[in-house]
file my_file_32.pdb (PDB, C-alpha atoms)
ATOM      1  CA  MET A   1     -22.524 115.982  65.399
ATOM      2  CA  ASN A   2     -21.409 118.666  67.829
ATOM      3  CA  LYS A   3     -24.269 120.618  69.350
ATOM      4  CA  THR A   4     -23.561 124.070  68.056
ATOM      5  CA  LEU A   5     -25.730 126.696  66.415
ATOM      6  CA  LEU A   6     -24.857 129.805  64.443
ATOM      7  CA  ILE A   7     -27.747 132.227  64.101
ATOM      8  CA  THR A   8     -27.977 135.488  62.145
ATOM      9  CA  ARG A   9     -30.455 138.124  63.331
ATOM     10  CA  PRO A  10     -30.336 141.389  61.397
ATOM     11  CA  LYS A  11     -32.576 144.173  62.646
ATOM     12  CA  TYR A  12     -33.248 147.159  60.392
ATOM     13  CA  ASP A  13     -36.771 146.963  58.954
ATOM     14  CA  VAL A  14     -40.154 145.744  60.150
ATOM     15  CA  THR A  15     -39.888 142.271  58.635
ATOM     16  CA  VAL A  16     -36.515 141.406  60.114
ATOM     17  CA  HIS A  17     -37.509 143.150  63.350
ATOM     18  CA  TYR A  18     -40.213 140.495  63.751
ATOM     19  CA  LEU A  19     -37.818 137.682  62.845
ATOM     20  CA  PHE A  20     -35.264 139.098  65.301
ATOM     21  CA  TYR A  21     -37.660 138.783  68.239
ATOM     22  CA  TRP A  22     -39.222 135.496  67.226
ATOM     23  CA  SER A  23     -35.806 133.874  66.797
ATOM     24  CA  LYS A  24     -34.942 134.803  70.374
ATOM     25  CA  LYS A  25     -37.166 131.890  71.404
ATOM     26  CA  ILE A  26     -34.901 129.576  69.417
ATOM     27  CA  ILE A  27     -31.793 130.834  71.167
ATOM     28  CA  GLU A  28     -33.436 130.276  74.553
ATOM     29  CA  LEU A  29     -34.479 126.745  73.639
ATOM     30  CA  ALA A  30     -31.028 125.904  72.274
ATOM     31  CA  GLN A  31     -29.363 127.102  75.453
ATOM     32  CA  GLU A  32     -31.822 125.092  77.562
ATOM     33  CA  LYS A  33     -30.882 122.016  75.539
ATOM     34  CA  GLY A  34     -27.163 122.538  76.020
ATOM     35  CA  VAL A  35     -26.482 123.721  72.483
ATOM     36  CA  ILE A  36     -23.648 126.246  72.161
ATOM     37  CA  VAL A  37     -25.041 129.320  70.387
ATOM     38  CA  TRP A  38     -23.170 131.934  68.376
ATOM     39  CA  ASN A  39     -25.576 134.802  67.910
ATOM     40  CA  LEU A  40     -24.746 137.314  65.178
ATOM     41  CA  GLU A  41     -27.330 140.032  65.707
ATOM     42  CA  GLY A  42     -27.752 143.523  64.266
ATOM     43  CA  LYS A  43     -24.556 144.820  62.670
ATOM     44  CA  ARG A  44     -22.759 141.569  63.474
ATOM     45  CA  ALA A  45     -24.986 139.840  60.911
ATOM     46  CA  ASN A  46     -22.476 140.685  58.180
ATOM     47  CA  CYS A  47     -20.623 138.612  55.604
ATOM     48  CA  LYS A  48     -17.205 138.818  57.246
ATOM     49  CA  GLU A  49     -18.428 137.583  60.619
ATOM     50  CA  VAL A  50     -20.627 134.870  59.133
ATOM     51  CA  GLU A  51     -17.836 133.513  56.945
ATOM     52  CA  SER A  52     -15.404 133.612  59.845
ATOM     53  CA  MET A  53     -17.791 131.756  62.178
ATOM     54  CA  LEU A  54     -18.668 129.123  59.580
ATOM     55  CA  ILE A  55     -14.991 128.408  58.940
ATOM     56  CA  LYS A  56     -13.567 128.634  62.452
ATOM     57  CA  LYS A  57     -16.389 127.337  64.637
ATOM     58  CA  GLU A  58     -17.906 124.832  62.209
ATOM     59  CA  PRO A  59     -21.398 124.930  63.727
ATOM     60  CA  SER A  60     -23.529 121.887  63.031
ATOM     61  CA  LEU A  61     -26.695 123.981  62.734
ATOM     62  CA  VAL A  62     -27.070 127.336  60.992
ATOM     63  CA  PHE A  63     -30.204 129.459  61.219
ATOM     64  CA  PHE A  64     -30.486 132.488  58.942
ATOM     65  CA  ASN A  65     -33.125 135.155  59.570
ATOM     66  CA  GLY A  66     -33.380 137.854  56.954
ATOM     67  CA  HIS A  67     -34.209 138.637  53.399
ATOM     68  CA  GLY A  68     -33.191 136.520  50.470
ATOM     69  CA  ASP A  69     -33.492 135.711  46.828
ATOM     70  CA  ASP A  70     -33.140 132.598  44.687
ATOM     71  CA  ASP A  71     -29.367 132.556  45.061
ATOM     72  CA  CYS A  72     -28.629 134.437  48.271
ATOM     73  CA  ILE A  73     -29.365 135.235  51.895
ATOM     74  CA  THR A  74     -28.796 138.689  53.317
ATOM     75  CA  GLY A  75     -27.948 140.085  56.731
ATOM     76  CA  GLN A  76     -27.871 143.561  58.247
ATOM     77  CA  ASP A  77     -28.809 146.309  55.780
ATOM     78  CA  ASP A  78     -29.249 143.770  52.972
ATOM     79  CA  GLU A  79     -25.575 142.764  52.981
ATOM     80  CA  MET A  80     -25.111 139.464  51.162
ATOM     81  CA  LEU A  81     -24.089 136.720  53.584
ATOM     82  CA  LEU A  82     -24.147 133.702  51.300
ATOM     83  CA  ILE A  83     -24.417 133.790  47.532
ATOM     84  CA  VAL A  84     -24.212 131.052  44.944
ATOM     85  CA  GLY A  85     -20.888 131.037  43.184
ATOM     86  CA  LYS A  86     -19.106 132.857  45.978
ATOM     87  CA  ASN A  87     -19.349 131.035  49.277
ATOM     88  CA  GLU A  88     -22.189 128.482  49.382
ATOM     89  CA  GLU A  89     -19.612 125.759  50.102
ATOM     90  CA  LEU A  90     -19.288 127.199  53.615
ATOM     91  CA  LEU A  91     -22.409 125.217  54.532
ATOM     92  CA  LYS A  92     -20.501 121.965  53.952
ATOM     93  CA  SER A  93     -21.211 119.372  56.671
ATOM     94  CA  LYS A  94     -23.908 121.592  58.187
ATOM     95  CA  ILE A  95     -27.671 121.602  58.487
ATOM     96  CA  ALA A  96     -29.079 125.005  57.534
ATOM     97  CA  HIS A  97     -32.446 126.633  57.859
ATOM     98  CA  ALA A  98     -33.208 129.961  56.203
ATOM     99  CA  LEU A  99     -36.246 131.925  57.267
ATOM    100  CA  SER A 100     -36.067 134.159  54.242
ATOM    101  CA  CYS A 101     -37.664 134.505  50.865
ATOM    102  CA  ARG A 102     -36.673 132.246  47.980
ATOM    103  CA  SER A 103     -33.238 130.961  49.015
ATOM    104  CA  GLY A 104     -34.553 127.386  48.956
ATOM    105  CA  LYS A 105     -34.827 127.659  45.210
ATOM    106  CA  LYS A 106     -31.157 127.835  44.179
ATOM    107  CA  LEU A 107     -28.890 128.546  47.146
ATOM    108  CA  GLY A 108     -30.319 125.524  48.961
ATOM    109  CA  SER A 109     -29.708 123.064  46.158
ATOM    110  CA  GLU A 110     -26.292 124.497  45.301
ATOM    111  CA  SER A 111     -25.147 124.301  48.921
ATOM    112  CA  ILE A 112     -26.233 120.654  49.023
ATOM    113  CA  LYS A 113     -24.177 120.003  45.870
ATOM    114  CA  LYS A 114     -21.199 121.548  47.672
ATOM    115  CA  GLY A 115     -21.583 119.288  50.697
ATOM    116  CA  ALA A 116     -24.218 120.762  53.015
ATOM    117  CA  ILE A 117     -26.025 117.967  54.866
ATOM    118  CA  GLY A 118     -29.481 119.499  54.743
ATOM    119  CA  TYR A 119     -31.249 122.722  53.901
ATOM    120  CA  ILE A 120     -34.757 123.815  54.833
ATOM    121  CA  GLY A 121     -35.947 127.062  53.335
ATOM    122  CA  TYR A 122     -38.579 128.606  51.088
ATOM    123  CA  ASP A 123     -38.492 128.434  47.295
ATOM    124  CA  ASP A 124     -40.688 131.513  46.890
ATOM    125  CA  ASP A 125     -41.545 134.578  48.951
ATOM    126  CA  PHE A 126     -42.340 134.069  52.629
ATOM    127  CA  TYR A 127     -45.339 136.114  53.757
ATOM    128  CA  PHE A 128     -46.668 136.998  57.160
ATOM    129  CA  VAL A 129     -49.378 139.328  58.326
ATOM    130  CA  PHE A 130     -48.854 141.479  61.387
ATOM    131  CA  ASP A 131     -50.545 144.042  63.581
ATOM    132  CA  PRO A 132     -48.728 147.415  63.379
ATOM    133  CA  ASP A 133     -49.901 148.179  66.915
ATOM    134  CA  LYS A 134     -47.747 145.266  68.116
ATOM    135  CA  ILE A 135     -44.484 146.283  66.476
ATOM    136  CA  SER A 136     -42.978 147.167  69.842
ATOM    137  CA  THR A 137     -44.023 143.761  71.228
ATOM    138  CA  PRO A 138     -43.813 141.334  68.284
ATOM    139  CA  LEU A 139     -44.055 138.247  70.485
ATOM    140  CA  ARG A 140     -47.529 139.382  71.531
ATOM    141  CA  ASP A 141     -48.746 139.751  67.961
ATOM    142  CA  GLY A 142     -51.365 137.019  67.661
ATOM    143  CA  VAL A 143     -51.668 137.406  63.907
ATOM    144  CA  ALA A 144     -47.942 137.097  63.227
ATOM    145  CA  ARG A 145     -47.864 134.159  65.635
ATOM    146  CA  LEU A 146     -49.936 132.093  63.197
ATOM    147  CA  PHE A 147     -47.036 132.315  60.714
ATOM    148  CA  LEU A 148     -43.948 132.494  62.894
ATOM    149  CA  GLU A 149     -44.807 129.671  65.278
ATOM    150  CA  PRO A 150     -44.992 127.115  62.464
ATOM    151  CA  SER A 151     -41.862 128.471  60.818
ATOM    152  CA  ASN A 152     -40.047 128.307  64.176
ATOM    153  CA  GLN A 153     -40.967 124.634  64.451
ATOM    154  CA  VAL A 154     -38.195 123.774  62.019
ATOM    155  CA  MET A 155     -35.503 124.929  64.426
ATOM    156  CA  ILE A 156     -37.351 123.654  67.503
ATOM    157  CA  CYS A 157     -37.392 120.142  66.030
ATOM    158  CA  LEU A 158     -33.791 120.278  64.859
ATOM    159  CA  ILE A 159     -32.550 121.461  68.260
ATOM    160  CA  LYS A 160     -34.484 118.637  69.914
ATOM    161  CA  GLY A 161     -32.566 116.186  67.741
ATOM    162  CA  HIS A 162     -35.258 115.277  65.243
ATOM    163  CA  SER A 163     -34.421 114.623  61.591
ATOM    164  CA  ILE A 164     -34.712 117.374  59.035
ATOM    165  CA  ARG A 165     -37.581 115.444  57.432
ATOM    166  CA  HIS A 166     -39.458 115.521  60.739
ATOM    167  CA  ALA A 167     -38.685 119.228  61.254
ATOM    168  CA  HIS A 168     -40.027 120.052  57.795
ATOM    169  CA  GLU A 169     -43.162 117.953  58.145
ATOM    170  CA  ARG A 170     -43.897 119.188  61.661
ATOM    171  CA  SER A 171     -43.608 122.799  60.535
ATOM    172  CA  LYS A 172     -45.920 122.199  57.592
ATOM    173  CA  LYS A 173     -48.370 120.387  59.832
ATOM    174  CA  ILE A 174     -48.657 123.410  62.091
ATOM    175  CA  PHE A 175     -49.143 125.743  59.127
ATOM    176  CA  ILE A 176     -52.030 123.602  57.850
ATOM    177  CA  ASN A 177     -53.486 123.184  61.338
ATOM    178  CA  ASN A 178     -53.530 126.945  61.825
ATOM    179  CA  ALA A 179     -55.244 127.365  58.463
ATOM    180  CA  ARG A 180     -57.703 124.570  59.220
ATOM    181  CA  GLU A 181     -58.681 126.133  62.538
ATOM    182  CA  LEU A 182     -59.493 129.379  60.762
ATOM    183  CA  VAL A 183     -61.655 127.491  58.264
ATOM    184  CA  ASN A 184     -63.439 125.438  60.877
ATOM    185  CA  SER A 185     -64.171 128.340  63.191
ATOM    186  CA  GLU A 186     -65.316 130.562  60.313
ATOM    187  CA  SER A 187     -63.026 133.087  61.931
ATOM    188  CA  GLU A 188     -62.777 136.737  60.973
ATOM    189  CA  GLN A 189     -59.147 135.870  60.338
ATOM    190  CA  SER A 190     -59.940 133.567  57.430
ATOM    191  CA  TYR A 191     -58.307 136.151  55.148
ATOM    192  CA  LEU A 192     -54.988 134.763  56.437
ATOM    193  CA  ILE A 193     -55.490 131.289  55.006
ATOM    194  CA  PRO A 194     -54.091 131.885  51.474
ATOM    195  CA  TYR A 195     -50.812 133.162  52.947
ATOM    196  CA  LEU A 196     -50.500 130.323  55.480
ATOM    197  CA  LEU A 197     -51.001 127.767  52.717
ATOM    198  CA  TRP A 198     -48.551 129.586  50.482
ATOM    199  CA  ASP A 199     -45.791 129.494  53.093
ATOM    200  CA  MET A 200     -46.491 125.847  53.841
ATOM    201  CA  GLN A 201     -46.449 124.836  50.192
ATOM    202  CA  HIS A 202     -43.223 126.681  49.488
ATOM    203  CA  GLN A 203     -41.172 125.330  52.355
ATOM    204  CA  VAL A 204     -38.609 122.927  50.899
ATOM    205  CA  CYS A 205     -36.455 120.266  52.493
ATOM    206  CA  LEU A 206     -33.240 119.376  50.682
ATOM    207  CA  GLY A 207     -30.357 116.990  51.292
ATOM    208  CA  ASP A 208     -30.166 113.988  53.614
ATOM    209  CA  LYS A 209     -33.623 113.962  55.155
ATOM    210  CA  ASN A 210     -32.630 111.505  57.864
ATOM    211  CA  ALA A 211     -29.865 113.742  59.151
ATOM    212  CA  SER A 212     -30.219 115.252  62.596
ATOM    213  CA  LEU A 213     -28.188 116.866  65.356
ATOM    214  CA  SER A 214     -28.224 113.474  67.068
ATOM    215  CA  ASN A 215     -26.453 111.641  64.206
TER
ATOM    216  CA  MET B   1     -56.856 139.540  17.982
ATOM    217  CA  GLN B   2     -59.966 137.884  19.381
ATOM    218  CA  VAL B   3     -57.845 135.634  21.639
ATOM    219  CA  LYS B   4     -55.931 138.639  22.999
ATOM    220  CA  LYS B   5     -59.171 140.414  23.786
ATOM    221  CA  GLU B   6     -60.515 137.387  25.630
ATOM    222  CA  GLU B   7     -57.279 137.064  27.614
ATOM    223  CA  ASN B   8     -57.543 140.690  28.682
ATOM    224  CA  GLN B   9     -61.134 140.124  29.737
ATOM    225  CA  ILE B  10     -60.082 137.101  31.823
ATOM    226  CA  ASP B  11     -57.282 139.139  33.431
ATOM    227  CA  GLU B  12     -59.745 141.862  34.350
ATOM    228  CA  GLU B  13     -62.183 139.304  35.756
ATOM    229  CA  LEU B  14     -59.378 137.747  37.807
ATOM    230  CA  LYS B  15     -58.412 141.121  39.170
ATOM    231  CA  LYS B  16     -62.000 141.760  40.213
ATOM    232  CA  ILE B  17     -62.205 138.414  41.999
ATOM    233  CA  VAL B  18     -58.906 138.958  43.797
ATOM    234  CA  ILE B  19     -59.785 142.520  44.789
ATOM    235  CA  ALA B  20     -63.113 141.293  46.174
ATOM    236  CA  ARG B  21     -61.187 138.771  48.257
ATOM    237  CA  LEU B  22     -58.736 141.421  49.434
ATOM    238  CA  GLU B  23     -61.592 143.584  50.675
ATOM    239  CA  VAL B  24     -61.903 141.335  53.742
ATOM    240  CA  PHE B  25     -58.269 142.051  54.700
ATOM    241  CA  PRO B  26     -58.518 144.328  57.782
ATOM    242  CA  SER B  27     -57.443 147.916  57.309
ATOM    243  CA  ASP B  28     -55.482 147.842  60.562
ATOM    244  CA  LYS B  29     -53.194 144.956  59.533
ATOM    245  CA  ARG B  30     -50.240 144.780  57.163
ATOM    246  CA  ILE B  31     -48.579 142.043  55.219
ATOM    247  CA  SER B  32     -44.834 141.550  55.005
ATOM    248  CA  ILE B  33     -43.725 140.628  51.519
ATOM    249  CA  GLY B  34     -40.065 140.135  52.282
ATOM    250  CA  SER B  35     -37.596 142.657  50.977
ATOM    251  CA  LEU B  36     -40.345 144.460  49.062
ATOM    252  CA  GLY B  37     -41.671 145.834  52.324
ATOM    253  CA  GLU B  38     -45.017 145.820  54.072
ATOM    254  CA  LEU B  39     -48.351 146.581  52.492
ATOM    255  CA  THR B  40     -51.740 147.735  53.736
ATOM    256  CA  LYS B  41     -54.964 146.414  52.237
ATOM    257  CA  GLN B  42     -55.274 149.503  50.062
ATOM    258  CA  GLU B  43     -51.721 149.141  48.781
ATOM    259  CA  MET B  44     -52.354 145.486  47.933
ATOM    260  CA  ILE B  45     -55.463 146.424  45.956
ATOM    261  CA  GLU B  46     -53.638 149.217  44.131
ATOM    262  CA  ASN B  47     -50.859 146.827  43.134
ATOM    263  CA  VAL B  48     -53.396 144.364  41.756
ATOM    264  CA  GLU B  49     -55.225 147.102  39.863
ATOM    265  CA  LYS B  50     -52.006 148.418  38.341
ATOM    266  CA  GLY B  51     -50.742 144.954  37.462
ATOM    267  CA  THR B  52     -47.375 145.405  39.193
ATOM    268  CA  ASN B  53     -45.115 142.453  40.006
ATOM    269  CA  VAL B  54     -46.402 142.543  43.570
ATOM    270  CA  GLY B  55     -49.962 142.622  42.291
ATOM    271  CA  GLU B  56     -49.299 139.616  40.062
ATOM    272  CA  LYS B  57     -47.909 137.742  43.059
ATOM    273  CA  ILE B  58     -50.973 138.578  45.149
ATOM    274  CA  ILE B  59     -53.177 137.217  42.367
ATOM    275  CA  GLU B  60     -51.033 134.070  42.234
ATOM    276  CA  ILE B  61     -51.434 133.521  45.990
ATOM    277  CA  GLN B  62     -55.203 133.912  45.854
ATOM    278  CA  LEU B  63     -55.537 131.626  42.839
ATOM    279  CA  ASN B  64     -53.258 129.096  44.500
ATOM    280  CA  TYR B  65     -55.608 129.112  47.486
ATOM    281  CA  LEU B  66     -58.693 128.561  45.360
ATOM    282  CA  ARG B  67     -56.932 125.768  43.467
ATOM    283  CA  SER B  68     -55.809 124.182  46.735
ATOM    284  CA  LEU B  69     -59.362 124.250  48.052
ATOM    285  CA  LYS B  70     -60.583 122.537  44.890
ATOM    286  CA  GLU B  71     -57.905 119.865  45.323
ATOM    287  CA  GLY B  72     -59.011 119.233  48.911
ATOM    288  CA  ILE B  73     -56.050 120.731  50.747
ATOM    289  CA  PHE B  74     -57.810 120.442  54.094
ATOM    290  CA  TYR B  75     -58.337 116.710  53.827
ATOM    291  CA  GLU B  76     -55.708 114.890  55.885
ATOM    292  CA  GLN B  77     -54.884 112.320  53.203
ATOM    293  CA  ASN B  78     -54.257 114.986  50.635
ATOM    294  CA  PHE B  79     -51.838 116.790  52.933
ATOM    295  CA  VAL B  80     -49.913 113.605  53.653
ATOM    296  CA  ASN B  81     -49.635 112.758  49.960
ATOM    297  CA  ASN B  82     -48.425 116.229  49.142
ATOM    298  CA  LYS B  83     -46.138 116.738  52.067
ATOM    299  CA  THR B  84     -42.598 117.061  50.782
ATOM    300  CA  LYS B  85     -41.187 119.106  47.960
ATOM    301  CA  VAL B  86     -37.759 118.028  46.845
TER
END
call {"tool": "encode", "arguments": {"input": "my_file_32.pdb", "output": "structure tokens"}}
result
Amino acid sequence: MNKTLLITRPKYDVTVHYLFYWSKKIIELAQEKGVIVWNLEGKRANCKEVESMLIKKEPSLVFFNGHGDDDCITGQDDEMLLIVGKNEELLKSKIAHALSCRSGKKLGSESIKKGAIGYIGYDDDFYFVFDPDKISTPLRDGVARLFLEPSNQVMICLIKGHSIRHAHERSKKIFINNARELVNSESEQSYLIPYLLWDMQHQVCLGDKNASLSN
Amino acid sequence: MQVKKEENQIDEELKKIVIARLEVFPSDKRISIGSLGELTKQEMIENVEKGTNVGEKIIEIQLNYLRSLKEGIFYEQNFVNNKTKV
């Protein structure tokens, strides 16, 4: 596969603001690893640009950050980027990861039926807790880190050439490890555990699980 | 009629349990619940009390946690056996 990555990074509310900054780490890693990155951020995270990039550039990896529902992923200002029945076939021959709520439930499976190689997403809502005092510096938010580091592991593993099965399992492992540390240390942060487990249990891995960027 | 009454009692008991658990959520933190926004502890509790969709989801998460604990989620073997949803 060619080493190319398309990433969408809307930025218009607190949730996607956090995802915007945390996904910057993925761009940096990809560039370090020699992956060509097409970064659609802010207003560029719109349907027209996404469709155009998917068709013309044919990236091997696609990383969506944003909101979502069972059958869709959204970009800037909740604009639909991909929706079942309209354009899910644009993920054909690609490995996709959606850090969004719910799209793993229907959009993921439908895109696989239309030829996507693999899809890692969440089949229910994705939750994370954050510190409002850290909104201006999301990468320094130690509470949000417990959620966004494990979720970022999916893309870290894929960029490093691991299989989608490995990326999924590694991500889940870090979710459970974070939860386990809070249990073992009897931390004041133990209130986070139900949400860490929820995210871990609702991450789904669809398609050819042996596929990787190295294939 | 009797069954309905018992179900309502169970719902109210569940709400009490979940609200007690939410009380440990720090007042200076918020939770992102996707496109539905961000909630404070107080807003989470109010949603549970009012039985909104968000409140129902919060109850589901807390019950899922308690169920997972019962099933031994933190034992390595259990995690490995339950690792991939397809």
call {"tool": "residues_around", "arguments": {"input": "my_file_32.pdb", "residues": "Ala179 in chain A", "least_positions_apart": "3", "cutoff": "9 Å", "atoms": "all atoms listed in the file", "output": "list in words"}}
result
Leu146, Ile174, Phe175, Ile176, Leu182, Val183, Asn184, Ser190, Leu192, Ile193, Pro194, Leu196 and Leu197 of chain A; Phe74 of chain B
call {"tool": "atom_distance", "arguments": {"input": "my_file_32.pdb", "atom1": "CA of Ser214 in chain A", "atom2": "CA of Gln153 in chain A"}}
result
17.1 Å
call {"tool": "atom_distance", "arguments": {"input": "my_file_32.pdb", "atom1": "CA of Leu213 in chain A", "atom2": "CA of Ile36 in chain A"}}
result
12.4 Å
call {"tool": "resolve_selection", "arguments": {"input": "my_file_32.pdb", "expression": "the PyMOL selection byres ((chain A) within 9 of (chain B))", "output": "MDAnalysis selection string"}}
result
chainID A and resid 13:16 66:68 78 100:101 125:133 143 165 168:169 172:173 176:177 179:180 188:195 197:198 201:207
call {"tool": "residues_around", "arguments": {"input": "my_file_32.pdb", "residues": "Asn210 in chain A", "least_positions_apart": "6", "cutoff": "10 Å", "atoms": "only C-alpha atoms", "output": "count of residues only"}}
result
7
call {"tool": "residues_near_point", "arguments": {"input": "my_file_32.pdb", "point": "(-27.9, 141.3, 63.9)", "cutoff": "12 Å", "atoms": "only C-alpha atoms", "output": "JSON, numbers by chain"}}
result
{"A": [6, 7, 8, 9, 10, 11, 12, 13, 16, 17, 19, 20, 21, 23, 24, 38, 39, 40, 41, 42, 43, 44, 45, 46, 47, 49, 50, 64, 65, 66, 74, 75, 76, 77, 78, 79, 81]}
call {"tool": "atom_distance", "arguments": {"input": "my_file_32.pdb", "atom1": "CA of Ile112 in chain A", "atom2": "CA of Asn87 in chain A"}}
result
12.5 Å
call {"tool": "closest_residue", "arguments": {"input": "my_file_32.pdb", "among": "A:Lys48, A:Lys3, A:Glu181, A:Tyr18", "to": "Ser136 in chain A", "atoms": "all atoms listed in the file"}}
result
A:Tyr18
call {"tool": "resolve_selection", "arguments": {"input": "my_file_32.pdb", "expression": "the PyMOL selection byres ((chain A and resi 88) around 10)", "output": "count of residues only"}}
result
23
call {"tool": "resolve_selection", "arguments": {"input": "my_file_32.pdb", "expression": "the PyMOL selection byres ((chain A and resi 28-34) around 8)", "output": "NGL selection string"}}
result
:A and (3 or 5 or 24-27 or 35-37 or 156 or 159-160)
call {"tool": "residues_around", "arguments": {"input": "my_file_32.pdb", "residues": "His97 in chain A", "least_positions_apart": "4", "cutoff": "6 Å", "atoms": "only C-alpha atoms", "output": "MDAnalysis selection string"}}
result
chainID A and resid 63 119:121
call {"tool": "closest_residue", "arguments": {"input": "my_file_32.pdb", "among": "A:Ala144, A:Ala167, A:Val62, A:Ile135", "to": "Ala96 in chain A", "atoms": "only C-alpha atoms"}}
result
A:Val62
